[in-house]
$ cat start_10.csv   # CSV, C-alpha atoms
chain,number,residue,atom,x,y,z
A,1,MET,CA,0.0,0.0,0.0
A,2,ARG,CA,1.4,3.4,-0.9
A,3,ARG,CA,2.1,6.0,1.8
A,4,SER,CA,-0.6,8.3,0.5
A,5,ASP,CA,-3.1,5.5,0.7
A,6,ARG,CA,-2.1,4.6,4.2
A,7,LEU,CA,-2.4,8.2,5.3
A,8,LEU,CA,-5.8,8.5,3.7
A,9,LEU,CA,-7.0,5.3,5.4
A,10,ARG,CA,-5.5,6.4,8.7
A,11,SER,CA,-7.2,9.8,8.4
A,12,ALA,CA,-10.5,8.0,7.9
A,13,LEU,CA,-10.1,5.4,10.6
A,14,LEU,CA,-8.2,7.1,13.4
A,15,PRO,CA,-11.0,9.4,14.4
A,16,LEU,CA,-13.3,6.4,14.7
A,17,PHE,CA,-10.7,4.6,16.8
A,18,LEU,CA,-10.3,7.6,19.0
A,19,LEU,CA,-14.0,7.9,19.6
A,20,THR,CA,-14.1,4.2,20.5
A,21,LEU,CA,-11.2,4.6,22.8
A,22,VAL,CA,-12.4,7.8,24.4
A,23,GLY,CA,-15.9,6.4,24.7
A,24,THR,CA,-14.7,3.7,27.0
A,25,ALA,CA,-12.2,5.8,29.0
A,26,ALA,CA,-13.3,7.5,32.2
A,27,ALA,CA,-13.3,11.2,31.5
A,28,VAL,CA,-11.6,13.5,34.1
A,29,ASP,CA,-14.2,15.6,35.7
A,30,VAL,CA,-13.8,19.3,36.3
A,31,GLY,CA,-12.6,19.7,39.9
A,32,ALA,CA,-10.8,16.4,39.9
A,33,PRO,CA,-7.0,16.0,40.2
A,34,ALA,CA,-5.3,15.9,36.8
A,35,PRO,CA,-3.8,12.5,36.0
A,36,GLU,CA,0.0,12.5,35.7
A,37,LEU,CA,1.4,12.6,32.2
A,38,GLY,CA,4.3,10.3,32.7
A,39,ILE,CA,5.8,10.7,29.3
A,40,ASN,CA,8.8,12.5,27.8
A,41,ASP,CA,8.7,15.6,25.6
A,42,LEU,CA,10.1,15.6,22.1
A,43,ARG,CA,13.5,16.6,23.5
A,44,GLY,CA,13.5,13.4,25.7
A,45,GLN,CA,12.9,15.3,28.9
A,46,PRO,CA,10.5,13.9,31.4
A,47,LEU,CA,7.1,15.6,31.3
A,48,ARG,CA,5.5,15.5,34.7
A,49,LEU,CA,2.6,17.6,36.0
A,50,ALA,CA,4.1,17.3,39.5
A,51,SER,CA,7.0,19.3,38.3
A,52,LEU,CA,4.6,22.0,37.0
A,53,ARG,CA,2.8,22.4,40.4
A,54,GLY,CA,2.4,26.1,41.2
A,55,LYS,CA,1.8,26.9,37.5
A,56,VAL,CA,-1.4,27.1,35.6
A,57,VAL,CA,-1.2,24.3,32.9
A,58,LEU,CA,-3.0,24.4,29.6
A,59,LEU,CA,-2.8,20.7,28.4
A,60,ASP,CA,-3.8,20.1,24.9
A,61,PHE,CA,-4.2,16.8,23.0
A,62,TRP,CA,-3.9,17.3,19.2
A,63,ALA,CA,-3.0,15.7,15.9
A,64,THR,CA,-1.5,16.9,12.7
A,65,TRP,CA,-4.5,15.5,10.7
A,66,CYS,CA,-6.9,17.6,12.8
A,67,GLY,CA,-8.0,20.9,11.2
A,68,PRO,CA,-9.3,22.5,14.4
A,69,CYS,CA,-6.1,21.4,16.1
A,70,ARG,CA,-4.0,23.2,13.5
A,71,ARG,CA,-6.1,26.4,14.0
A,72,GLU,CA,-5.8,26.1,17.8
A,73,LEU,CA,-2.0,25.7,18.1
A,74,PRO,CA,-1.2,29.4,17.1
A,75,VAL,CA,-3.7,30.5,19.8
A,76,LEU,CA,-1.8,28.3,22.3
A,77,GLN,CA,1.5,29.8,21.1
A,78,ARG,CA,0.1,33.3,21.6
A,79,LEU,CA,-1.1,32.5,25.2
A,80,HIS,CA,2.3,31.0,25.9
A,81,GLN,CA,4.1,34.1,24.7
A,82,LEU,CA,1.7,36.4,26.7
A,83,TYR,CA,1.5,34.5,30.0
A,84,ALA,CA,4.4,32.2,30.5
A,85,ALA,CA,6.2,34.8,32.6
A,86,GLN,CA,3.1,35.0,34.8
A,87,GLY,CA,3.0,31.2,35.5
A,88,LEU,CA,1.3,29.6,32.5
A,89,ALA,CA,2.7,26.3,31.2
A,90,VAL,CA,1.4,25.2,27.8
A,91,VAL,CA,1.8,21.5,27.0
A,92,ALA,CA,0.7,19.9,23.8
A,93,VAL,CA,0.5,16.1,23.4
A,94,SER,CA,0.3,14.8,19.9
A,95,VAL,CA,-1.7,11.6,19.3
A,96,ASP,CA,-0.4,11.1,15.8
A,97,ASP,CA,0.7,7.5,14.9
A,98,ASP,CA,4.0,8.6,13.3
A,99,LEU,CA,6.5,10.8,15.1
A,100,SER,CA,7.8,12.0,11.7
A,101,ASP,CA,4.4,13.7,11.0
A,102,VAL,CA,4.7,15.6,14.2
A,103,GLN,CA,8.3,16.6,13.6
A,104,GLY,CA,7.5,17.7,10.0
A,105,PHE,CA,4.6,19.8,11.3
A,106,LEU,CA,6.7,21.4,14.0
A,107,ALA,CA,9.5,22.1,11.4
A,108,ARG,CA,7.0,24.2,9.4
A,109,SER,CA,5.2,25.6,12.4
A,110,PRO,CA,7.5,25.8,15.4
A,111,LEU,CA,6.1,26.1,18.9
A,112,GLY,CA,7.7,27.7,21.9
A,113,PHE,CA,6.2,25.4,24.5
A,114,ARG,CA,6.6,21.7,25.4
A,115,VAL,CA,5.4,19.1,23.0
A,116,ALA,CA,5.1,15.4,23.6
A,117,HIS,CA,4.1,12.4,21.5
A,118,ASP,CA,1.5,9.8,22.7
A,119,PRO,CA,1.0,7.5,19.6
A,120,ARG,CA,-0.8,4.8,21.6
A,121,GLN,CA,-3.1,7.5,23.2
A,122,VAL,CA,-2.2,6.2,26.7
A,123,VAL,CA,-2.2,9.7,28.3
A,124,LEU,CA,-5.2,10.7,26.3
A,125,GLY,CA,-7.0,7.6,27.7
A,126,ARG,CA,-6.2,8.8,31.3
A,127,TYR,CA,-8.0,12.0,30.5
A,128,GLY,CA,-10.8,10.6,28.5
A,129,GLY,CA,-10.7,13.3,25.9
A,130,ARG,CA,-13.9,13.5,24.0
A,131,SER,CA,-12.9,15.2,20.8
A,132,MET,CA,-9.9,16.6,18.9
A,133,PRO,CA,-8.5,18.8,20.1
A,134,SER,CA,-9.2,18.2,23.8
A,135,SER,CA,-7.9,20.9,26.1
A,136,TYR,CA,-7.7,20.9,29.9
A,137,LEU,CA,-7.0,23.9,32.1
A,138,ILE,CA,-5.3,22.8,35.3
A,139,ASP,CA,-4.9,25.1,38.2
A,140,ARG,CA,-1.8,25.7,40.4
A,141,HIS,CA,-2.9,22.9,42.7
A,142,GLY,CA,-3.2,20.3,40.0
A,143,LEU,CA,-7.0,20.3,39.7
A,144,VAL,CA,-8.8,20.3,36.3
A,145,ARG,CA,-10.7,23.5,36.2
A,146,ARG,CA,-11.9,23.6,32.6
A,147,PHE,CA,-12.4,21.2,29.6
A,148,HIS,CA,-12.7,22.3,26.0
A,149,GLY,CA,-13.6,19.8,23.3
A,150,GLY,CA,-12.9,20.9,19.7
A,151,PHE,CA,-11.9,24.4,18.7
A,152,ARG,CA,-14.3,27.0,17.3
A,153,ASP,CA,-14.3,30.7,16.5
A,154,GLY,CA,-14.5,32.5,19.8
A,155,ASP,CA,-12.6,29.9,21.8
A,156,ALA,CA,-9.4,31.9,21.7
A,157,ALA,CA,-11.0,34.7,23.7
A,158,THR,CA,-12.5,32.2,26.1
A,159,PHE,CA,-9.2,30.5,26.7
A,160,GLU,CA,-7.5,33.8,27.4
A,161,ARG,CA,-10.2,34.9,29.9
A,162,GLU,CA,-10.0,31.5,31.7
A,163,VAL,CA,-6.2,31.6,31.8
A,164,GLN,CA,-6.2,35.1,33.1
A,165,ALA,CA,-8.7,34.1,35.9
A,166,LEU,CA,-6.6,31.1,37.0
A,167,LEU,CA,-3.4,33.1,37.0
A,168,ARG,CA,-5.0,35.6,39.4
A,169,GLU,CA,-5.8,32.8,41.8
A,170,PRO,CA,-3.3,31.8,44.5
$ encode --input "start_10.csv" --output "structure tokens"
Amino acid sequence: MRRSDRLLLRSALLPLFLLTLVGTAAAVDVGAPAPELGINDLRGQPLRLASLRGKVVLLDFWATWCGPCRRELPVLQRLHQLYAAQGLAVVAVSVDDDLSDVQGFLARSPLGFRVAHDPRQVVLGRYGGRSMPSSYLIDRHGLVRRFHGGFRDGDAATFEREVQALLREP
């Protein structure tokens, strides 16, 4: 099978697989402790929520094949640039099968925050993401405070208001 045929097939089947996987996983409720990530970022450094305690974390699950994800990532980059110095940590976890797809995307559209790769959707399964992208705002104490499924017009302003509010909290 040619690579283009495999990509087309994967693009068609992966969303169905994710819906099946996500449908059986227990979703993390707002107000619940955020599950540990327990993976390495693309630089090979351990990525642990425990090490980010005291920061507001915007955790985003995304994929290169996801149009809304590609529209959301520049918004996350902007939030990172505006609020990192105030205590925001943006973390993006790709659920793409192939790491080379992620690396190629990032070569064309570099991001200034930490990116990890979760090809088997193990971490996504811990969170029970319901759509792509799935974004979680986690407060300074490690509690999930907001969930956003998908990305639509107007979400950028909502993200910014919610990030600002959590940064004002002790």
$ closest_residue --input "start_10.csv" --among "A:Asp139, A:Asp29, A:Asp96, A:Asp101" --to "A:Leu49" --atoms "all atoms listed in the file"
A:Asp139
$ closest_residue --input "start_10.csv" --among "A:Ala116, A:Leu167, A:Met132, A:Val102" --to "A:Gly44" --atoms "all atoms listed in the file"
A:Ala116
$ atom_distance --input "start_10.csv" --atom1 "atom CA of A:His80" --atom2 "atom CA of A:Pro170"
19.4 Å
$ atom_distance --input "start_10.csv" --atom1 "atom CA of A:Ser94" --atom2 "atom CA of A:Gly54"
24.2 Å
$ closest_residue --input "start_10.csv" --among "A:Ala156, A:Val163, A:Val57, A:Ile138" --to "A:Ala32" --atoms "all atoms listed in the file"
A:Ile138
$ atom_distance --input "start_10.csv" --atom1 "atom CA of A:Asp98" --atom2 "atom CA of A:Ala63"
10.3 Å
